[in-house]
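Asker: Dropping the structure in here first, questions after.
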Protein chains: 2
Amino acid sequence: MTATVSSPAERRRNKIRARILTAAETVFAREGAEGLSIRRLAENIDYSPAAIYKYFSSKDELVDELKESFFELILENVNRIADTATPFHERSRDCVATYVRIATEKPYHYAAAFTGESPAGDGPVDGEPGFESSKKGQAFNVLRGMIREGVDLGEFRAEIDPALAAKSIWASMHGLAMMIVHIPSFPALRPDQPTISREEFITFHADQVIRGLEAHHG
Amino acid sequence: MTATVSSPAERRRNKIRARILTAAETVFAREGAEGLSIRRLAENIDYSPAAIYKYFSSKDELVDELKESFFELILENVNRIADTATPFHERSRDCVATYVRIATEKPYHYAAAFTGESPAGDGPVDGEPGFESSKKGQAFNVLRGMIREGVDLGEFRAEIDPALAAKSIWASMHGLAMMIVHIPSFPALRPDQPTISREEFITFHADQVIRGLEAHHG
DNA sequence: TATTTTTAGTGAACGGTGTTTACTTTTTGA
DNA sequence: TCAAAAAGTAAACACCGTTCACTAAAAATA
């Protein structure tokens with residue numbers, strides 16, 4: 001590793017890149033990928049649209065960076081809960097519930113992170129650099145580790161394959177996150193339907209999901 | 001009810017409307033909403049783009065009809081399984097698994113049905129005609145009925161609220177469907193990762209989800 | 001320092017999108 | 001038959017992502 005990893009030119013470049021990303025983040029958080037247009041973005045930072053392409057090869061690439069740093073946020077939060085010293089059932093429940101909470105705080109980010117470019121199109125998940133190294137992959141590994149711990153502790157059924165169970169749980173929590181993101185009133189199905197609060201429902205769902213794994217010491 | 005509910009003019013109109021929808025369906029199934037453009041669609045049926053607007057007020061309205069009839073397909077299939085005379089656990093498992101299977105057979109339809117117009121934007125779910133009357137709503141009611149039956153049979157825990165549990169299960173199955181739709185290799189996370197087949201995973205997941213509701217007669 | 005080379009930035013264009021408007025042609029119903 | 005309604009259209013509007021040829025500035029080299 002060299003002592004000075006960046007020339008002044010390089011630092012200047014990164015600064016402008018960051019400025020573009022910051023402006024993009026603001027718009028994206030409010031209006032999503034459709035609302036974020038290169039032309040509007042360029043106007044926001046007083047550049048020509050073509051200038052953006054000196055820093056990002058496409059709109060997709062730009063948005064991909066927003067998504068990746070969003071999953072870094074999720075990972076941080078999930079990790080924080082995973083390292084708590086609370087009893088296993090609560091800890092695992094809060095862990096997956098946190099995933100949904102953070103996800104739904106930035107609905108456009110979360111939806112875009114999975115909607116990717118297209119159904120049947122390969123998202124960043126099985127991209128070249130490898131799923132394992134992506135923030136999404138790291139978050140998955142935390143979950144798998146937690147399930148392995150549960151099996152070792154005897155909380156979960158012994159025959160459970162942690163990798164498989166992790167995918168199942170991930171899918172379940174993903175589903176809830178997507179529901180909340182796309183149905184504003186969820187868990188109410190109609191705007192006026194009386195029901196429990198969203199927070200309570202997330203906890204209930206997480207509980208339900210963890211319960212599916214548990215051993216029943218009769 | 002009048003004997004002849006449609007004039008020749010009206011029937012002719014419906015025929016053209018149907019022709020537009022059929023052409024749209026074909027393109028949509030292969031390329032999704034983005035790939036379906038009014039201009040291309042018009043060319044396919046030898047009309048001008050503006051002509052489409054004599055039959056549909058917007059592209060969204062057109063796509064909404066595709067989505068609704070897709071959920072009719074889901075509903076039919078789920079209902080068929082729900083009416084089977086197999087034991088309760090298998091029946092309920094197959095019921096929710098079928099939802100995922102049909103969903104993933106038309107990935108663009110399923111994704112679009114929930115992605116709707118926007119996160120935080122109200123989809124057809126809490127639209128004016130009411131969720132209950134939509135095909136999506138009817139499918140939900142089937143699920144809730146099934147859970148109620150499970151509680152009555154003593155298969156599920158007595159304290160379970162069928163409506164709440166139905167939402168939880170729906171979310172879980174929705175999550176799996178979305179995973180499969182957006183990650184082509186799922187349940188493999190990388191294209192070459194060895195894992196169980198998709199069919200097996202759907203069954204496994206459905207089983208897991210039903211398990212979360214079950215009473216444990218220790 | 002002078003000069004070459006690389007980079008930053010731009011205006012204009014290409015090909016695409018959904019949608020509207022003014023207009024013409026066809027069909028319908030009295 | 002003839003007015004009214006509906007079907008259909010060409011052209012335009014206002015967007016979009018992206019590319020290209022070009023100029024201005026900065027950096028690297030001699």
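Within each chain, counting starts at residue 1; across the structure tokens, chains are named A, B, ... in the order shown, with ligands numbered 1 upward in that order.
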Could you give me, as a short mmCIF file (atom, residue, chain, number, x, y, z; two decimals) with N, CA and C atoms (P, O5', C5', C4', C3', O3' and C1' of nucleotides), in the first residue's frame, the residues within 12 Å of DA12 (chain C), counting only C-alpha atoms (C1' of nucleotides) and dropping anything in the same chain fewer than 6 positions from it?

Answerer:
data_model
loop_
_atom_site.label_atom_id
_atom_site.label_comp_id
_atom_site.auth_asym_id
_atom_site.auth_seq_id
_atom_site.Cartn_x
_atom_site.Cartn_y
_atom_site.Cartn_z
N SER A 48 -24.06 19.88 -16.90
CA SER A 48 -24.83 19.41 -18.05
C SER A 48 -25.10 17.91 -17.85
N ALA A 50 -24.65 15.47 -19.76
CA ALA A 50 -23.54 14.65 -20.26
C ALA A 50 -22.41 14.55 -19.25
P DT D 19 -23.98 5.39 -24.13
"O5'" DT D 19 -23.75 6.36 -25.38
"C5'" DT D 19 -24.61 6.23 -26.50
"C4'" DT D 19 -24.17 7.19 -27.60
"C3'" DT D 19 -22.66 7.35 -27.76
"O3'" DT D 19 -22.38 7.34 -29.15
"C1'" DT D 19 -23.66 9.47 -27.43
P DC D 20 -20.89 7.17 -29.69
"O5'" DC D 20 -20.66 8.54 -30.47
"C5'" DC D 20 -21.80 9.25 -30.96
"C4'" DC D 20 -21.35 10.62 -31.50
"C3'" DC D 20 -19.84 10.79 -31.62
"O3'" DC D 20 -19.56 11.53 -32.80
"C1'" DC D 20 -20.71 12.42 -30.15
P DA D 21 -18.07 11.49 -33.42
"O5'" DA D 21 -17.80 13.04 -33.65
"C5'" DA D 21 -18.84 13.85 -34.15
"C4'" DA D 21 -18.65 15.28 -33.70
"C3'" DA D 21 -17.21 15.81 -33.87
"O3'" DA D 21 -17.28 17.14 -34.39
"C1'" DA D 21 -17.87 16.02 -31.61
P DC D 22 -15.95 17.89 -34.81
"O5'" DC D 22 -15.67 18.84 -33.54
"C5'" DC D 22 -16.69 19.77 -33.14
"C4'" DC D 22 -16.44 20.26 -31.73
"C3'" DC D 22 -15.04 20.82 -31.44
"O3'" DC D 22 -15.06 22.23 -31.63
"C1'" DC D 22 -16.01 19.64 -29.59
#

Asker: Mind dumping a table of every chain B residue within 10 Å of chain D, with the nearest atom pair and its distance in Å to one decimal, using only C-alpha atoms (C1' of nucleotides), sorted by chain and rising number, as a tab-separated table?

Answerer:
residue	atom	partner	partner_atom	distance
B:Ala9	CA	D:DA6	C1'	9.6
B:Arg13	CA	D:DA7	C1'	9.7
B:Tyr47	CA	D:DG8	C1'	7.9
B:Ser48	CA	D:DT9	C1'	6.5
B:Pro49	CA	D:DT9	C1'	8.9
B:Ala50	CA	D:DT9	C1'	7.4
B:Ala51	CA	D:DG8	C1'	6.0
B:Ile52	CA	D:DG8	C1'	9.6
B:Lys54	CA	D:DA7	C1'	7.8

Asker: Just write the chosen residues, C-alpha atoms, as a compact mmCIF listing (two decimals), in the first residue's frame.

Answerer:
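again-v3.txt written:
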# COMPACT_ATOMS: atom_id res chain seq x y z
CA ALA B 9 -71.41 -1.36 -31.78
CA ARG B 13 -65.81 -2.20 -29.37
CA TYR B 47 -53.36 1.16 -35.23
CA SER B 48 -51.93 4.53 -34.44
CA PRO B 49 -50.68 5.06 -30.87
CA ALA B 50 -53.41 7.60 -30.24
CA ALA B 51 -56.06 5.00 -31.09
CA ILE B 52 -55.19 3.05 -27.95
CA LYS B 54 -59.89 5.59 -27.31

Asker: Do a neighbour search on Phe140 (chain B) at 12 Å with only C-alpha atoms (C1' of nucleotides), toss out local chain neighbours closer than 5 positions, and write the hits as a PyMOL selection string.

Answerer: (chain A and resi 189) or (chain B and resi 71+74-75+78-79+95-96+99+125+131-135+145-147+162-171+173-174)

Asker: Return the neighbours of chain C among the residues of chain B, cut-off 9 Å, counting only C-alpha atoms (C1' of nucleotides), as a list of chain:residue names.

Answerer: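 Written out as asked, the residues are B:Ala9, B:Ser37, B:Ile38, B:Arg39, B:Ala50, B:Tyr53, B:Ser58, B:Lys59.
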
Asker: Can you work out which one of B:Val142, B:Ala29, B:Ala42, B:Ala85 has the shortest atom-to-atom distance to chain A, counting only C-alpha atoms?

Answerer: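 Using only C-alpha atoms, chain A sits closest to B:Ala29.
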
Asker: Write out as a list in words the residues lying within 10 Å of Tyr55 (chain B), counting only C-alpha atoms (C1' of nucleotides) and excluding same-chain residues fewer than 4 positions away.

Answerer: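 My list of contacting residues is Arg13, Asn14, Ile16, Arg17, Ala18, Ile20, Ala50, Ala51, Glu61 and Leu62 of chain B.
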